[in-house]
Amino acid sequence: MTVNPDLVGRVFAPTAPYAVGREKVREFARAVFASSPLSLDPAAARAAGFADVVAPPTFAVVIQEATLAQLLAEPDGGIDFSRVVHGEQRFRYSRPIVAGDELTATLAVTSIKTLGGNAMVTAESSILDADGGHVVTATSTLVVRGDS
Amino acid sequence: MSGAPGTGDPEVWSLEIGSIIGEADIHLTRDSLVRYAGASGDFNAIHYRDDVARQVGLPGVLAHGMLTMGVAVQCVLDWVADPSRILDYGVRFTRPVVVDPVSGTSITVVAKVGVVDAEAGEARIDLTVTSGGQTVLGKAQVRVSIR
């Protein structure tokens, strides 16, 4: 099975809203060894002008994940999950994610390149808040190993 | 010459190219991987099962790439203090981080000023991220607001 080149330009349906919970943010913060009180202590976050605890920068991957699941499940996509390696990751932020946010993500496949039998699939997930404001765009490049 | 970590005040930051703004040594154990799996929802078994890791040809259980990416940026966050200053963060996963079941592994991060664009009010912080003496993240760069 090979990656379907027609995936380029395909835009997926927005994900169901993800409610960012305070304890989830704190759990994630501890898991990435965050020391900032803004991610752990609601009072410190409020004193700094945030509505609640602030998620560490890579927390966006939790919301992005649902869009990557859509991509991998695409019936004609030809992406075999057991052959996928995470090649690159990037986040472009308009603002940090804060507990209380309700976020929706929309994935678009931006490029597919073939390199030495492997396919490099780049997908951008645009993450918006409940008001439609841009929060962060998460971009992954997945390396799909070819048959060897 | 180092910056002024944690002040969050760009006025007192040393933005000389090449100056180190943060450093960290993080010890990862299998417990850290399980904790991250739960926190992130990434339950790929190569991050906790030796037999599955071996089956797919890996040298052992690996740290999640996103865990390495997540811990590597913490020293930059400590430096900027205000997380709103992080504009962009990208990495390439160049080498897997094998986590020994008994001794774990260490990740070393050095964050340096790479580029300063005073007009745009931005700086690029370059991260060198190593484990066992080898670079594990390539082109690990954080664009921060310095206004």
# chains A, B, ... in the order shown; residues from 1 in each chain; ligands from 1

$ closest_atom_pairs --of "chain A" --to "chain B" --cutoff "8 Å" --atoms "only C-alpha atoms" --output "JSON lines"
{"residue": "A:Lys24", "atom": "CA", "partner": "B:Ala39", "partner_atom": "CA", "distance": 7.1}
{"residue": "A:Glu27", "atom": "CA", "partner": "B:Ala39", "partner_atom": "CA", "distance": 5.9}
{"residue": "A:Phe28", "atom": "CA", "partner": "B:Ala39", "partner_atom": "CA", "distance": 4.9}
{"residue": "A:Ala31", "atom": "CA", "partner": "B:Tyr36", "partner_atom": "CA", "distance": 5.0}
{"residue": "A:Val32", "atom": "CA", "partner": "B:Val71", "partner_atom": "CA", "distance": 5.0}
{"residue": "A:Phe33", "atom": "CA", "partner": "B:Val71", "partner_atom": "CA", "distance": 6.1}
{"residue": "A:Ala34", "atom": "CA", "partner": "B:Gln74", "partner_atom": "CA", "distance": 6.1}
{"residue": "A:Ser35", "atom": "CA", "partner": "B:Gln74", "partner_atom": "CA", "distance": 7.7}
{"residue": "A:Ser36", "atom": "CA", "partner": "B:Asp78", "partner_atom": "CA", "distance": 6.7}
{"residue": "A:Val54", "atom": "CA", "partner": "B:Pro83", "partner_atom": "CA", "distance": 7.9}
{"residue": "A:Pro56", "atom": "CA", "partner": "B:Gly70", "partner_atom": "CA", "distance": 7.8}
{"residue": "A:Pro57", "atom": "CA", "partner": "B:Gly70", "partner_atom": "CA", "distance": 7.4}
{"residue": "A:Thr58", "atom": "CA", "partner": "B:Gly70", "partner_atom": "CA", "distance": 5.6}
{"residue": "A:Phe59", "atom": "CA", "partner": "B:Ser40", "partner_atom": "CA", "distance": 7.7}
{"residue": "A:Val61", "atom": "CA", "partner": "B:Ser40", "partner_atom": "CA", "distance": 7.8}
{"residue": "A:Val62", "atom": "CA", "partner": "B:Ser40", "partner_atom": "CA", "distance": 5.8}
{"residue": "A:His86", "atom": "CA", "partner": "B:Phe93", "partner_atom": "CA", "distance": 7.0}
{"residue": "A:Gly87", "atom": "CA", "partner": "B:Phe93", "partner_atom": "CA", "distance": 5.4}
{"residue": "A:Glu88", "atom": "CA", "partner": "B:Arg92", "partner_atom": "CA", "distance": 4.3}
{"residue": "A:Gln89", "atom": "CA", "partner": "B:Val91", "partner_atom": "CA", "distance": 5.5}
{"residue": "A:Arg90", "atom": "CA", "partner": "B:Gly90", "partner_atom": "CA", "distance": 3.9}
{"residue": "A:Phe91", "atom": "CA", "partner": "B:Tyr89", "partner_atom": "CA", "distance": 5.3}
{"residue": "A:Arg92", "atom": "CA", "partner": "B:Asp88", "partner_atom": "CA", "distance": 4.4}
{"residue": "A:Tyr93", "atom": "CA", "partner": "B:Leu87", "partner_atom": "CA", "distance": 5.0}
{"residue": "A:Ser94", "atom": "CA", "partner": "B:Leu87", "partner_atom": "CA", "distance": 6.9}
{"residue": "A:Arg95", "atom": "CA", "partner": "B:Ser84", "partner_atom": "CA", "distance": 5.7}
{"residue": "A:Pro96", "atom": "CA", "partner": "B:Ser84", "partner_atom": "CA", "distance": 5.8}

$ select_by_dssp --residues "range 17-133 of chain A" --states "strand (DSSP E or B)" --output "tab-separated table (two decimals) with N, CA, C and O atoms, in the first residue's frame"
chain	number	residue	atom	x	y	z
A	18	TYR	N	-12.84	20.38	21.79
A	18	TYR	CA	-12.06	19.80	22.90
A	18	TYR	C	-12.08	20.82	24.03
A	18	TYR	O	-11.64	21.96	23.87
A	19	ALA	N	-12.61	20.40	25.19
A	19	ALA	CA	-12.67	21.30	26.35
A	19	ALA	C	-11.37	21.14	27.15
A	19	ALA	O	-11.09	20.06	27.67
A	54	VAL	N	-2.10	27.95	32.23
A	54	VAL	CA	-1.66	28.05	30.83
A	54	VAL	C	-1.00	26.72	30.44
A	54	VAL	O	-0.11	26.23	31.14
A	84	VAL	N	4.52	4.40	10.16
A	84	VAL	CA	4.65	5.85	10.30
A	84	VAL	C	5.66	6.22	11.40
A	84	VAL	O	5.61	5.67	12.50
A	85	VAL	N	6.57	7.11	11.06
A	85	VAL	CA	7.51	7.68	12.04
A	85	VAL	C	7.30	9.19	12.03
A	85	VAL	O	7.11	9.79	10.96
A	86	HIS	N	7.31	9.78	13.21
A	86	HIS	CA	7.15	11.23	13.32
A	86	HIS	C	8.47	11.89	12.90
A	86	HIS	O	9.48	11.71	13.55
A	87	GLY	N	8.44	12.63	11.80
A	87	GLY	CA	9.68	13.22	11.28
A	87	GLY	C	9.95	14.62	11.80
A	87	GLY	O	11.06	14.93	12.25
A	88	GLU	N	8.93	15.46	11.73
A	88	GLU	CA	9.09	16.85	12.15
A	88	GLU	C	7.80	17.32	12.81
A	88	GLU	O	6.72	16.82	12.50
A	89	GLN	N	7.95	18.31	13.69
A	89	GLN	CA	6.78	18.90	14.34
A	89	GLN	C	7.02	20.39	14.53
A	89	GLN	O	8.12	20.82	14.87
A	90	ARG	N	5.96	21.14	14.31
A	90	ARG	CA	6.07	22.59	14.48
A	90	ARG	C	4.76	23.15	14.99
A	90	ARG	O	3.69	22.64	14.64
A	91	PHE	N	4.87	24.18	15.81
A	91	PHE	CA	3.68	24.89	16.29
A	91	PHE	C	3.87	26.39	16.02
A	91	PHE	O	4.93	26.95	16.31
A	92	ARG	N	2.84	27.01	15.48
A	92	ARG	CA	2.86	28.47	15.27
A	92	ARG	C	1.71	29.03	16.10
A	92	ARG	O	0.55	28.67	15.87
A	93	TYR	N	2.05	29.88	17.06
A	93	TYR	CA	1.07	30.31	18.06
A	93	TYR	C	0.56	31.72	17.82
A	93	TYR	O	1.35	32.63	17.53
A	98	VAL	N	-5.25	27.98	27.18
A	98	VAL	CA	-5.55	28.21	28.59
A	98	VAL	C	-6.71	27.30	28.98
A	98	VAL	O	-7.62	27.06	28.17
A	102	GLU	N	-12.25	26.10	24.52
A	102	GLU	CA	-12.91	25.03	23.78
A	102	GLU	C	-12.36	25.10	22.37
A	102	GLU	O	-12.58	26.10	21.67
A	103	LEU	N	-11.62	24.08	21.97
A	103	LEU	CA	-10.82	24.15	20.75
A	103	LEU	C	-11.28	23.15	19.70
A	103	LEU	O	-11.63	22.02	20.01
A	104	THR	N	-11.23	23.61	18.46
A	104	THR	CA	-11.59	22.79	17.31
A	104	THR	C	-10.42	22.80	16.35
A	104	THR	O	-9.80	23.85	16.15
A	105	ALA	N	-10.12	21.65	15.75
A	105	ALA	CA	-8.97	21.56	14.86
A	105	ALA	C	-9.39	21.10	13.48
A	105	ALA	O	-10.24	20.21	13.35
A	106	THR	N	-8.79	21.70	12.47
A	106	THR	CA	-9.07	21.33	11.08
A	106	THR	C	-7.76	21.02	10.38
A	106	THR	O	-6.87	21.86	10.32
A	107	LEU	N	-7.68	19.80	9.85
A	107	LEU	CA	-6.43	19.37	9.20
A	107	LEU	C	-6.50	19.54	7.69
A	107	LEU	O	-7.53	19.26	7.06
A	108	ALA	N	-5.39	19.99	7.13
A	108	ALA	CA	-5.23	20.03	5.68
A	108	ALA	C	-3.89	19.38	5.35
A	108	ALA	O	-2.88	19.62	6.02
A	109	VAL	N	-3.89	18.55	4.32
A	109	VAL	CA	-2.63	17.95	3.87
A	109	VAL	C	-1.96	18.96	2.95
A	109	VAL	O	-2.56	19.39	1.96
A	110	THR	N	-0.75	19.38	3.29
A	110	THR	CA	-0.11	20.45	2.51
A	110	THR	C	0.92	19.93	1.51
A	110	THR	O	1.16	20.57	0.51
A	111	SER	N	1.54	18.79	1.81
A	111	SER	CA	2.47	18.26	0.82
A	111	SER	C	2.76	16.78	1.05
A	111	SER	O	2.64	16.28	2.17
A	112	ILE	N	3.09	16.11	-0.03
A	112	ILE	CA	3.58	14.73	0.05
A	112	ILE	C	4.81	14.65	-0.84
A	112	ILE	O	4.75	15.01	-2.03
A	113	LYS	N	5.92	14.25	-0.25
A	113	LYS	CA	7.15	14.11	-1.03
A	113	LYS	C	7.63	12.68	-0.91
A	113	LYS	O	7.46	12.06	0.14
A	114	THR	N	8.23	12.19	-1.96
A	114	THR	CA	8.78	10.84	-1.90
A	114	THR	C	10.29	10.96	-1.85
A	114	THR	O	10.89	11.74	-2.59
A	115	LEU	N	10.88	10.22	-0.92
A	115	LEU	CA	12.33	10.32	-0.72
A	115	LEU	C	12.85	8.93	-0.41
A	115	LEU	O	12.56	8.38	0.65
A	118	ASN	N	10.47	6.32	0.79
A	118	ASN	CA	9.59	6.75	1.87
A	118	ASN	C	8.74	7.92	1.40
A	118	ASN	O	9.17	8.71	0.56
A	119	ALA	N	7.53	8.03	1.96
A	119	ALA	CA	6.69	9.19	1.67
A	119	ALA	C	6.72	10.12	2.88
A	119	ALA	O	6.61	9.67	4.02
A	120	MET	N	6.91	11.42	2.62
A	120	MET	CA	6.89	12.42	3.69
A	120	MET	C	5.59	13.20	3.55
A	120	MET	O	5.43	13.96	2.60
A	121	VAL	N	4.69	12.98	4.49
A	121	VAL	CA	3.38	13.61	4.43
A	121	VAL	C	3.35	14.77	5.43
A	121	VAL	O	3.57	14.56	6.62
A	122	THR	N	3.10	15.97	4.93
A	122	THR	CA	3.02	17.13	5.82
A	122	THR	C	1.57	17.58	5.94
A	122	THR	O	0.89	17.77	4.93
A	123	ALA	N	1.11	17.71	7.18
A	123	ALA	CA	-0.28	18.07	7.45
A	123	ALA	C	-0.32	19.19	8.48
A	123	ALA	O	0.39	19.15	9.48
A	124	GLU	N	-1.15	20.20	8.19
A	124	GLU	CA	-1.30	21.35	9.08
A	124	GLU	C	-2.65	21.29	9.76
A	124	GLU	O	-3.67	21.21	9.07
A	125	SER	N	-2.66	21.37	11.08
A	125	SER	CA	-3.93	21.40	11.80
A	125	SER	C	-4.10	22.77	12.42
A	125	SER	O	-3.33	23.18	13.29
A	126	SER	N	-5.12	23.47	11.96
A	126	SER	CA	-5.39	24.81	12.46
A	126	SER	C	-6.35	24.70	13.64
A	126	SER	O	-7.43	24.13	13.51
A	127	ILE	N	-5.93	25.22	14.79
A	127	ILE	CA	-6.70	25.07	16.03
A	127	ILE	C	-7.30	26.43	16.40
A	127	ILE	O	-6.58	27.41	16.58
A	128	LEU	N	-8.63	26.45	16.48
A	128	LEU	CA	-9.36	27.69	16.75
A	128	LEU	C	-10.13	27.58	18.06
A	128	LEU	O	-10.50	26.49	18.47

$ residues_around --residues "Asp100 in chain B" --least-positions-apart "2" --cutoff "9 Å" --atoms "only C-alpha atoms" --output "ChimeraX atom specification"
/B:29-30,60-62,98,102-105

$ write_last_selection --atoms "N, CA and C atoms" --output "mmCIF file, in the first residue's frame"
data_model
loop_
_atom_site.group_PDB
_atom_site.id
_atom_site.type_symbol
_atom_site.label_atom_id
_atom_site.label_comp_id
_atom_site.auth_asym_id
_atom_site.auth_seq_id
_atom_site.Cartn_x
_atom_site.Cartn_y
_atom_site.Cartn_z
ATOM 1 N N THR B 29 12.821 8.378 32.974
ATOM 2 C CA THR B 29 12.729 6.962 33.309
ATOM 3 C C THR B 29 11.501 6.387 32.605
ATOM 4 N N ARG B 30 11.320 5.077 32.732
ATOM 5 C CA ARG B 30 10.114 4.479 32.160
ATOM 6 C C ARG B 30 8.866 5.109 32.792
ATOM 7 N N GLY B 60 15.161 -0.526 21.615
ATOM 8 C CA GLY B 60 14.537 -0.619 22.944
ATOM 9 C C GLY B 60 13.358 0.325 23.006
ATOM 10 N N VAL B 61 12.781 0.420 24.199
ATOM 11 C CA VAL B 61 11.660 1.339 24.399
ATOM 12 C C VAL B 61 12.145 2.778 24.225
ATOM 13 N N LEU B 62 11.385 3.559 23.462
ATOM 14 C CA LEU B 62 11.794 4.937 23.168
ATOM 15 C C LEU B 62 10.940 5.944 23.919
ATOM 16 N N VAL B 98 16.460 6.163 23.524
ATOM 17 C CA VAL B 98 16.196 4.862 24.152
ATOM 18 C C VAL B 98 16.230 5.041 25.667
ATOM 19 N N VAL B 102 16.024 0.196 33.756
ATOM 20 C CA VAL B 102 16.574 0.373 35.109
ATOM 21 C C VAL B 102 17.149 1.774 35.297
ATOM 22 N N SER B 103 18.041 2.162 34.394
ATOM 23 C CA SER B 103 18.765 3.424 34.622
ATOM 24 C C SER B 103 18.141 4.627 33.930
ATOM 25 N N GLY B 104 17.143 4.414 33.043
ATOM 26 C CA GLY B 104 16.563 5.542 32.331
ATOM 27 C C GLY B 104 17.573 6.164 31.390
ATOM 28 N N THR B 105 17.407 7.451 31.136
ATOM 29 C CA THR B 105 18.373 8.164 30.294
ATOM 30 C C THR B 105 18.267 9.654 30.598
#

$ residues_around --residues "Val109 in chain B" --least-positions-apart "6" --cutoff "6 Å" --atoms "only C-alpha atoms" --output "number ranges by chain"
B: 23-24, 128-129
